[in-house]
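Enquirer: I'm passing along input-v3.txt; it holds compact mmCIF, C-alpha atoms.
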# COMPACT_ATOMS: atom_id res chain seq x y z
CA MET F 1277 -17.29 -12.96 -14.61
CA THR F 1278 -15.59 -10.43 -16.86
CA VAL F 1279 -11.89 -9.82 -16.33
CA VAL F 1280 -10.83 -6.22 -16.84
CA ASP F 1281 -7.38 -5.65 -18.33
CA GLU F 1282 -5.89 -2.70 -16.44
CA HIS F 1283 -3.54 -1.93 -19.31
CA ALA F 1284 -6.21 -1.89 -22.01
CA THR F 1285 -7.39 1.37 -23.52
CA ALA F 1286 -10.26 2.81 -21.48
CA PRO F 1287 -13.68 2.66 -23.12
CA ALA F 1288 -15.44 5.89 -24.12
CA THR F 1289 -17.86 5.39 -21.20
CA PRO F 1290 -15.84 4.34 -18.15
CA VAL F 1291 -17.13 1.33 -16.23
CA THR F 1292 -17.27 2.38 -12.60
CA SER F 1293 -18.59 -0.89 -11.16
CA ARG F 1294 -19.61 -4.39 -12.09
CA LEU F 1295 -21.76 -7.07 -10.49
CA VAL F 1296 -19.61 -9.85 -9.01
CA PRO F 1297 -20.28 -12.96 -6.93
CA ALA F 1298 -19.22 -12.91 -3.29
CA SER F 1299 -19.07 -15.58 -0.58
CA ILE F 1300 -20.94 -14.45 2.51
CA GLY F 1301 -21.55 -16.36 5.75
CA ARG F 1302 -19.90 -18.49 8.37
CA PRO F 1303 -18.24 -21.83 7.50
CA GLY F 1304 -20.93 -24.39 6.69
CA ARG F 1305 -23.48 -21.66 5.96
CA VAL F 1306 -21.82 -19.75 3.13
CA GLN F 1307 -24.01 -18.27 0.43
CA THR F 1308 -23.08 -16.68 -2.85
CA VAL F 1309 -24.54 -13.24 -3.39
CA HIS F 1310 -23.89 -10.70 -6.12
CA LEU F 1311 -22.73 -7.22 -5.22
CA ALA F 1312 -21.55 -4.07 -6.94
CA CYS F 1313 -17.77 -4.00 -7.09
CA PRO F 1314 -15.66 -1.09 -8.40
CA ALA F 1315 -13.86 -1.81 -11.65
CA TRP F 1316 -10.53 -1.09 -9.93
CA CYS F 1317 -11.05 -3.69 -7.14
CA HIS F 1318 -8.59 -6.61 -7.26
CA VAL F 1319 -10.30 -8.79 -4.63
CA ASP F 1320 -11.84 -12.12 -5.58
CA HIS F 1321 -14.89 -11.79 -3.31
CA VAL F 1322 -15.72 -15.49 -3.79
CA GLU F 1323 -12.31 -16.59 -2.50
CA VAL F 1324 -12.17 -13.95 0.27
CA ARG F 1325 -15.24 -14.91 2.30
CA GLU F 1326 -16.83 -12.38 4.63
CA VAL F 1327 -19.35 -13.11 7.41
CA ALA F 1328 -21.73 -10.33 6.32
CA VAL F 1329 -22.16 -8.18 3.22
CA GLU F 1330 -21.29 -5.08 5.25
CA ASP F 1331 -17.85 -6.60 5.95
CA VAL F 1332 -16.90 -6.47 2.24
CA THR F 1333 -14.11 -3.99 1.53
CA HIS F 1334 -12.74 -3.22 -1.92
CA TYR F 1335 -8.97 -3.07 -2.48
CA GLY F 1336 -7.27 -1.75 -5.58
CA PRO F 1337 -3.84 -0.92 -6.88
CA GLY F 1338 -1.10 0.05 -4.52
CA GLY F 1339 2.53 -0.47 -3.74
CA GLY F 1340 5.03 -0.46 -0.99
CA LEU F 1341 8.59 -0.06 0.06
CA GLN F 1342 10.89 -1.59 2.60
CA VAL F 1343 13.95 0.06 4.10
CA PRO F 1344 16.82 -2.34 4.90
CA ASP F 1345 19.76 -1.76 7.23
CA MET F 1346 23.33 -2.25 6.00
CA SER F 1347 24.14 -4.38 9.06
CA ASP F 1348 21.29 -6.81 8.22
CA ASP F 1349 19.61 -6.39 4.85
CA SER F 1350 17.59 -9.60 5.27
CA ALA F 1351 14.88 -7.78 7.25
CA ALA F 1352 13.14 -4.48 6.74
CA VAL F 1353 13.64 -1.82 9.39
CA LEU F 1354 10.78 0.28 8.03
CA GLU F 1355 7.89 -0.59 5.74
CA TRP F 1356 5.26 1.49 3.97
CA TYR F 1357 2.31 0.23 1.97
CA VAL F 1358 -0.24 2.23 -0.02
CA ASN F 1359 -3.53 0.86 -1.30
CA LEU F 1360 -6.68 2.15 -2.90
CA ILE F 1361 -9.59 1.15 -0.64
CA SER F 1362 -13.34 1.60 -0.34
CA ASP F 1363 -15.50 0.46 2.58
CA PRO F 1364 -19.03 0.68 1.14
CA ALA F 1365 -20.80 -0.03 4.46
CA SER F 1366 -18.95 2.61 6.48
CA ALA F 1367 -20.98 5.26 8.29
CA ASP F 1368 -18.35 7.79 7.16
CA PRO F 1369 -18.96 8.83 3.53
CA ARG F 1370 -15.22 9.52 3.11
CA MET F 1371 -14.50 5.85 3.88
CA ARG F 1372 -17.15 4.72 1.37
CA ALA F 1373 -15.43 6.72 -1.37
CA ALA F 1374 -12.30 5.36 -3.04
CA HIS F 1375 -9.33 6.70 -1.10
CA LEU F 1376 -5.70 5.94 -0.32
CA VAL F 1377 -4.63 4.11 2.81
CA VAL F 1378 -1.01 4.27 3.96
CA ALA F 1379 0.10 1.59 6.44
CA ASP F 1380 3.49 1.12 8.03
CA GLY F 1381 3.39 -2.65 8.28
CA ALA F 1382 3.75 -2.61 12.07
CA SER F 1383 1.17 -0.48 13.86
CA ALA F 1384 -2.58 -0.92 13.96
CA ASN F 1385 -3.12 2.66 12.82
CA ASP F 1386 -3.48 3.25 9.11
CA ALA F 1387 -3.62 6.70 7.52
CA HIS F 1388 -6.71 7.23 5.37
CA LEU F 1389 -6.05 10.09 2.94
CA THR F 1390 -8.27 12.44 1.00
CA GLU F 1391 -7.25 13.08 -2.60
CA ALA F 1392 -5.68 16.41 -1.55
CA GLN F 1393 -3.72 14.69 1.24
CA GLY F 1394 -2.57 12.01 -1.23
CA GLU F 1395 -1.30 14.69 -3.63
CA GLU F 1396 0.56 16.42 -0.79
CA LEU F 1397 2.09 13.11 0.34
CA ALA F 1398 3.23 12.37 -3.24
CA ASP F 1399 4.83 15.84 -3.43
CA GLN F 1400 6.59 15.29 -0.09
CA LEU F 1401 7.88 11.89 -1.21
CA GLU F 1402 9.28 13.43 -4.40
CA ARG F 1403 11.07 16.06 -2.29
CA LEU F 1404 12.37 13.31 0.02
CA ALA F 1405 13.64 11.35 -3.00
CA ALA F 1406 15.53 14.46 -4.16
CA ASP F 1407 16.98 14.90 -0.64
CA ILE F 1408 18.08 11.24 -0.58
CA ARG F 1409 19.82 11.62 -3.96
CA ALA F 1410 21.57 14.81 -2.78
CA ALA F 1411 22.75 13.06 0.41
CA LEU F 1412 23.99 10.10 -1.66
CA ALA F 1413 26.05 12.45 -3.81
CA VAL F 1414 27.73 13.72 -0.63
CA CYS F 1415 28.29 10.11 0.54
CA ARG F 1416 29.95 9.21 -2.75
CA MET F 1417 32.26 12.23 -2.58
CA ALA F 1418 33.08 11.56 1.08
CA ASN F 1419 33.86 7.91 0.35
CA VAL F 1420 36.09 8.44 -2.68
CA ASP F 1421 39.26 8.17 -0.61
CA LEU F 1422 37.91 5.69 1.92
CA PRO F 1423 39.73 2.61 0.51
CA LYS F 1424 43.03 4.49 0.89
CA LEU F 1425 42.51 5.11 4.60
CA PRO F 1426 44.24 2.75 7.05
CA ALA F 1427 42.06 0.27 8.90
CA PRO F 1428 40.96 1.51 12.31
CA ILE F 1429 43.05 0.43 15.28
CA ILE F 1430 40.95 -1.41 17.82
CA THR F 1431 42.24 -1.75 21.33
CA THR F 1432 40.75 -3.68 24.17
CA GLU F 1433 41.20 -2.70 27.75
CA ILE F 1434 42.17 -5.39 30.22
As structure tokens, how would this structure be written, given the file I've shared?

Expert:
Amino acid sequence: MTVVDEHATAPATPVTSRLVPASIGRPGRVQTVHLACPAWCHVDHVEVREVAVEDVTHYGPGGGLQVPDMSDDSAAVLEWYVNLISDPASADPRMRAAHLVVADGASANDAHLTEAQGEELADQLERLAADIRAALAVCRMANVDLPKLPAPIITTEI
């Protein structure tokens, strides 16, 4: 099997897919077949066994983010993950094409995006990042004198 270096200079003729081995079948009856796999797919289809060839899904580059809470930064309050995916056996041609999937890490519903929707989401996230930085500037200004303020007085009623 040829390993493709993602950081290498692209060849003059881009390689869109390659033939790779894949483990297919139930335990005790697994066979190795060869299937077309997009060059961007990161899945080892031998290690990730599927019951049937139509169950094979291709996963590519992606990323994610987790939002902590200042009262407990050991756990994420919100999560977002984005992956490049293709489901070659889908009845929907949009799902067979390479597309972005956005998942929140909690619900069963994932958002499958067209390229146009992905561009719009990226634009919205850039605007959100700018809004977060603007709000942080206000926080910093508001908190400049905070250490000089007296500690709050806490009373308990009996």

Enquirer: Got a sec: who's within 7 Å of Glu1355 in chain F, counting all atoms listed in the file, leaving out chain neighbours fewer than 2 positions off, as a PyMOL selection string?

Expert: chain F and resi 1341-1343+1352-1353+1357+1380-1381

Enquirer: Could you tell me how far CA of Arg1372 in chain F lies from CA of Val1324 in chain F, in Å and to one decimal?

Expert: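 So the two atoms, CA of Arg1372 in chain F and CA of Val1324 in chain F, lie 19.4 Å apart.
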
Enquirer: CA of Ser1366 in chain F and CA of Arg1302 in chain F are how many Å apart?

Expert: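 Between CA of Ser1366 in chain F and CA of Arg1302 in chain F the gap is 21.2 Å.
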
Enquirer: Just give me the gap between CA of Leu1401 in chain F and CA of Ile1361 in chain F in Å, one decimal is fine.

Expert: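 We find that CA of Leu1401 in chain F and CA of Ile1361 in chain F lie 20.5 Å from each other.
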
Enquirer: With distances taken over only C-alpha atoms, which of F:Pro1426, F:Gly1394, F:Pro1297, F:Pro1369 is nearest to His1321 in chain F?

Expert: F:Pro1297

Enquirer: For Val1319 in chain F, list every protein, DNA or RNA residue within 10 Å, evaluated using all atoms listed in the file, and leave out those in the same chain fewer than 2 positions away; present the list as an MDAnalysis selection string.

Expert: chainID F and resid 1298 1313 1316:1317 1321:1324 1332:1336

Enquirer: Those residues with C-alpha atoms, as a compact mmCIF listing (two decimals), in the frame of the given file please?

Expert:
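Listing of part21.txt after writing:
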# COMPACT_ATOMS: atom_id res chain seq x y z
CA ALA F 1298 -19.22 -12.91 -3.29
CA CYS F 1313 -17.77 -4.00 -7.09
CA TRP F 1316 -10.53 -1.09 -9.93
CA CYS F 1317 -11.05 -3.69 -7.14
CA HIS F 1321 -14.89 -11.79 -3.31
CA VAL F 1322 -15.72 -15.49 -3.79
CA GLU F 1323 -12.31 -16.59 -2.50
CA VAL F 1324 -12.17 -13.95 0.27
CA VAL F 1332 -16.90 -6.47 2.24
CA THR F 1333 -14.11 -3.99 1.53
CA HIS F 1334 -12.74 -3.22 -1.92
CA TYR F 1335 -8.97 -3.07 -2.48
CA GLY F 1336 -7.27 -1.75 -5.58
